[in-house]
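Single-structure report; data block below.
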Amino acid sequence: MLELRLVQGSLLKKVLDAIKELVNDANFDCSSTGFSLQAMDSSHVALVALLLRSEGFEHYRCDRNISMGMNLNNMAKMLKCAGNDDIITIKADDGGDTVTFMFESPTQDKISDFEMKLMDIDSEHLGIPEAEYHAIVKMPSSEFARICRDLSSIGDTVVISVTKEGVKFSTKGDIGAANIVCRQNTSVDKPEEATVIEMNEPVSLTFALRYMNSFTKATPLSNTVSISLSNELPVVVEYKIAEMGYVRFYLAPKIEEDEEETKPQV
Amino acid sequence: MGIKGLTKLLADNAPKCMKENKFECYFGRKIAIDASMSIYQFLIVVGRSGTEMLTNEAGEVTSHLQGMFSRTIRLLEAGIKPVYVFDGKPPDMKKQELAKRFSKRAEATEDLSEALETATKEEIEKISKRTVKVTKQHNDDCKRLLRLMGVPVVEAPSEAEAQCAALCKAGKVYAVASEDMDSLTFGAPKFLRHLMDPSSKKIPVMEFDVAKILEGLNLTMDQFIDLCILSGCDYCDNIRGIGGQTALKLIRQHGSIENILENINRERYQIADNWPYQEARKLFKEPVVISDEEELNIKWSAPDEEGLIAFLVNENGFNSDRVTKGIEKIKAAKNKSSQGRLESFFKPTTNPSVPIKRKEIKCMLRSFKPAIEHRMFSLQPSNCSRPMGFGKLSLPIYNMGSTLSIFV
């Protein structure tokens, strides 16, 4: 038996919009601590990890750990039918093969019940170790989205380098090259407009812009984004979800050819 | 070729062992390819019309080069790193099978000369395909081409499939690509079919996982090898009247070929006295392969542009524009293959959650659950979604015949 009632239903709509481009089908895992999801894109280059902690729900009941396989496009279609102010309740019965989304209008005068068929998805779960990152950049999410969009009109890949000077995003393409440097900036009126750079060691990594652009679909979830970089690890792009959790995107870097030869491969 | 009826047997008995993936999913992966099988396919398919094939000015067939060139570029463009493995000397036990193939070809050649006089064009093409043989010259041409393209070539001491499987077991490649199911019998942990099919056919790659096969069939690797020998392999005849299904039943019942032979009804099944199943088993379990790192020398390098043009354009009459374009593609692909995969950083774990939708559990749990059709109208307190309604038996107002409900 599962019953999760989320007063701010629009959050769930935004979460789906953030991840459905990257992943088609995924298992939502539900336990007493929260509602979560981990899924890779079909080419296993990017991974999305979502967590909505149980405290963030008005009512949260989950009797045992279960996972529900859903087609994210279909789920998004159903959630589109919910109003932005609606309260969304997710319900499922043990052993059932459907999940029900219930939408209540704020005035309680309209209740909609959408039932969706579940799927059997055999997905690979990856263990993500806690890591100390060489550099963490926090910046306004809209700024990051803008940078990714602008750069992708010039090239396919972005080099993100963090130095004492700031964080530099650069690309090269057939028509030319582009460099955008953002410096630390904490003297702003609102804290969410600040750019904060924590750096232990300078880093420089190359990523495919196509994926970065797809991550920025999560921009409506949060005013700020944090980008964690380490030289030997995938980048983490995290959008916090107000008071209740996060959407994190992991992206494997592009690797220099000769480095790869010496690396043990799986 | 391969193991008789194994694909169907697996589909019926261990369906979880096979998985369809998109071709593009394999970028960044190193894959060992059974070259002879691919060359054979190219000779059959590429640039053929009737008995006519692609040739150079000297009249030598070049279908295999055309196929190898374009198909390898396709792999490289998808970011795949191929290693081609060529057959060495066939094991003695395969001679019988090879002789059979030879006589079939001889028959087909005869048929062809007859057909040329009477049959329709389609029939002629069909028969002439049966006369195809991969010669040493074809192999050598392809090796030369691949080396010029900067793609590693491994010359197996004996069977190519066995060498491929050994590379995969040693973790030097991610998977083995062939159409020959005995790659599985050689124990290749991951085996791909249809990787080399032309893109126009749009067939997804079929990935087999040996560990899941053994789990699905509930057999050990040794028992699986015995199963393959019983089903019919290239090295020795199988027992008349025993096919895949019966073989599986017998292996599950008795555990090994030795035990089966002791218990089987000898009158019903004719078994040759010196049935060489033990030798066949040895070939599968301890095939002759190279494992020395230096001898293997698996390295991907930049293409030799001048060499390729000299070989393909000057010697074999390829269109020079197409070859130049191909070389450009190889160079561009080098960049693409640098994209890392998440699995090289994070290791797989098991997910602690149990799928809510699982067939076995479903039936079990159903019996505990009262049949409620319309949850909207139910009195069950747990179905009230407003927590304030909890424990109370009063219905929230909206449940009373609400006409605004939408059922999907």
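Chain labels run A, B, ... following the order of the structure tokens; each chain numbers its residues from 1, and ligands are numbered from 1 in the order shown.
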Give the residues of chain A that lie within 8 Å of chain B; count only C-alpha atoms, and format the answer as a PyMOL selection string. chain A and resi 3+5+29-31+42-47+59+65-69+89+94-97+108-116+118-120+124-129+233-234+251-257+265-266
Could you pull out all residues of segment 81-243 of chain B with a DSSP call of strand (DSSP E or B) and give them as an MDAnalysis selection string? chainID B and resid 81:86 153:155 175:177 190:193 205:209
Would you list the contacts of Met93 of chain B as a PDB file with N, CA, C and O atoms, in the first residue's frame, taking every protein, DNA or RNA residue within 9 Å and counting only C-alpha atoms, but skipping same-chain residues closer than 4 positions in sequence?
ATOM      1  N   GLU B  97      32.785 -31.626 -40.417  1.00  0.00           N
ATOM      2  CA  GLU B  97      31.817 -30.570 -40.688  1.00  0.00           C
ATOM      3  C   GLU B  97      32.252 -29.769 -41.913  1.00  0.00           C
ATOM      4  O   GLU B  97      31.446 -29.445 -42.772  1.00  0.00           O
ATOM      5  N   ASP B 234      29.491 -28.186 -34.090  1.00  0.00           N
ATOM      6  CA  ASP B 234      30.298 -28.381 -35.301  1.00  0.00           C
ATOM      7  C   ASP B 234      31.273 -29.552 -35.176  1.00  0.00           C
ATOM      8  O   ASP B 234      31.830 -29.990 -36.177  1.00  0.00           O
ATOM      9  N   TYR B 235      31.543 -30.007 -33.964  1.00  0.00           N
ATOM     10  CA  TYR B 235      32.646 -30.941 -33.778  1.00  0.00           C
ATOM     11  C   TYR B 235      32.257 -32.415 -33.837  1.00  0.00           C
ATOM     12  O   TYR B 235      33.071 -33.262 -34.125  1.00  0.00           O
ATOM     13  N   CYS B 236      31.025 -32.746 -33.472  1.00  0.00           N
ATOM     14  CA  CYS B 236      30.656 -34.147 -33.580  1.00  0.00           C
ATOM     15  C   CYS B 236      29.148 -34.250 -33.809  1.00  0.00           C
ATOM     16  O   CYS B 236      28.416 -33.299 -33.568  1.00  0.00           O
ATOM     17  N   PRO B 276      32.594 -39.041 -29.913  1.00  0.00           N
ATOM     18  CA  PRO B 276      33.711 -38.255 -29.345  1.00  0.00           C
ATOM     19  C   PRO B 276      33.264 -37.037 -28.540  1.00  0.00           C
ATOM     20  O   PRO B 276      33.840 -35.973 -28.664  1.00  0.00           O
ATOM     21  N   GLU B 279      36.070 -35.249 -26.492  1.00  0.00           N
ATOM     22  CA  GLU B 279      37.006 -34.393 -27.235  1.00  0.00           C
ATOM     23  C   GLU B 279      36.336 -33.060 -27.561  1.00  0.00           C
ATOM     24  O   GLU B 279      36.946 -32.012 -27.457  1.00  0.00           O
ATOM     25  N   ALA B 280      35.060 -33.138 -27.962  1.00  0.00           N
ATOM     26  CA  ALA B 280      34.332 -31.910 -28.286  1.00  0.00           C
ATOM     27  C   ALA B 280      34.282 -31.018 -27.057  1.00  0.00           C
ATOM     28  O   ALA B 280      34.510 -29.807 -27.122  1.00  0.00           O
ATOM     29  N   LEU B 283      37.446 -29.228 -26.524  1.00  0.00           N
ATOM     30  CA  LEU B 283      37.640 -28.095 -27.438  1.00  0.00           C
ATOM     31  C   LEU B 283      36.905 -26.853 -26.937  1.00  0.00           C
ATOM     32  O   LEU B 283      37.379 -25.738 -27.085  1.00  0.00           O
TER      33      LEU B 283
END
Quote the spacing between atom CA of Lys77 of chain A and atom CA of Ala39 of chain A in Å to one decimal place.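 Separation between atom CA of Lys77 of chain A and atom CA of Ala39 of chain A: 19.4 Å.
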Between A:Lys20, A:Lys117, A:Lys13, A:Arg53, single out the one closest to Leu72 of chain A, counting only C-alpha atoms. A:Lys20
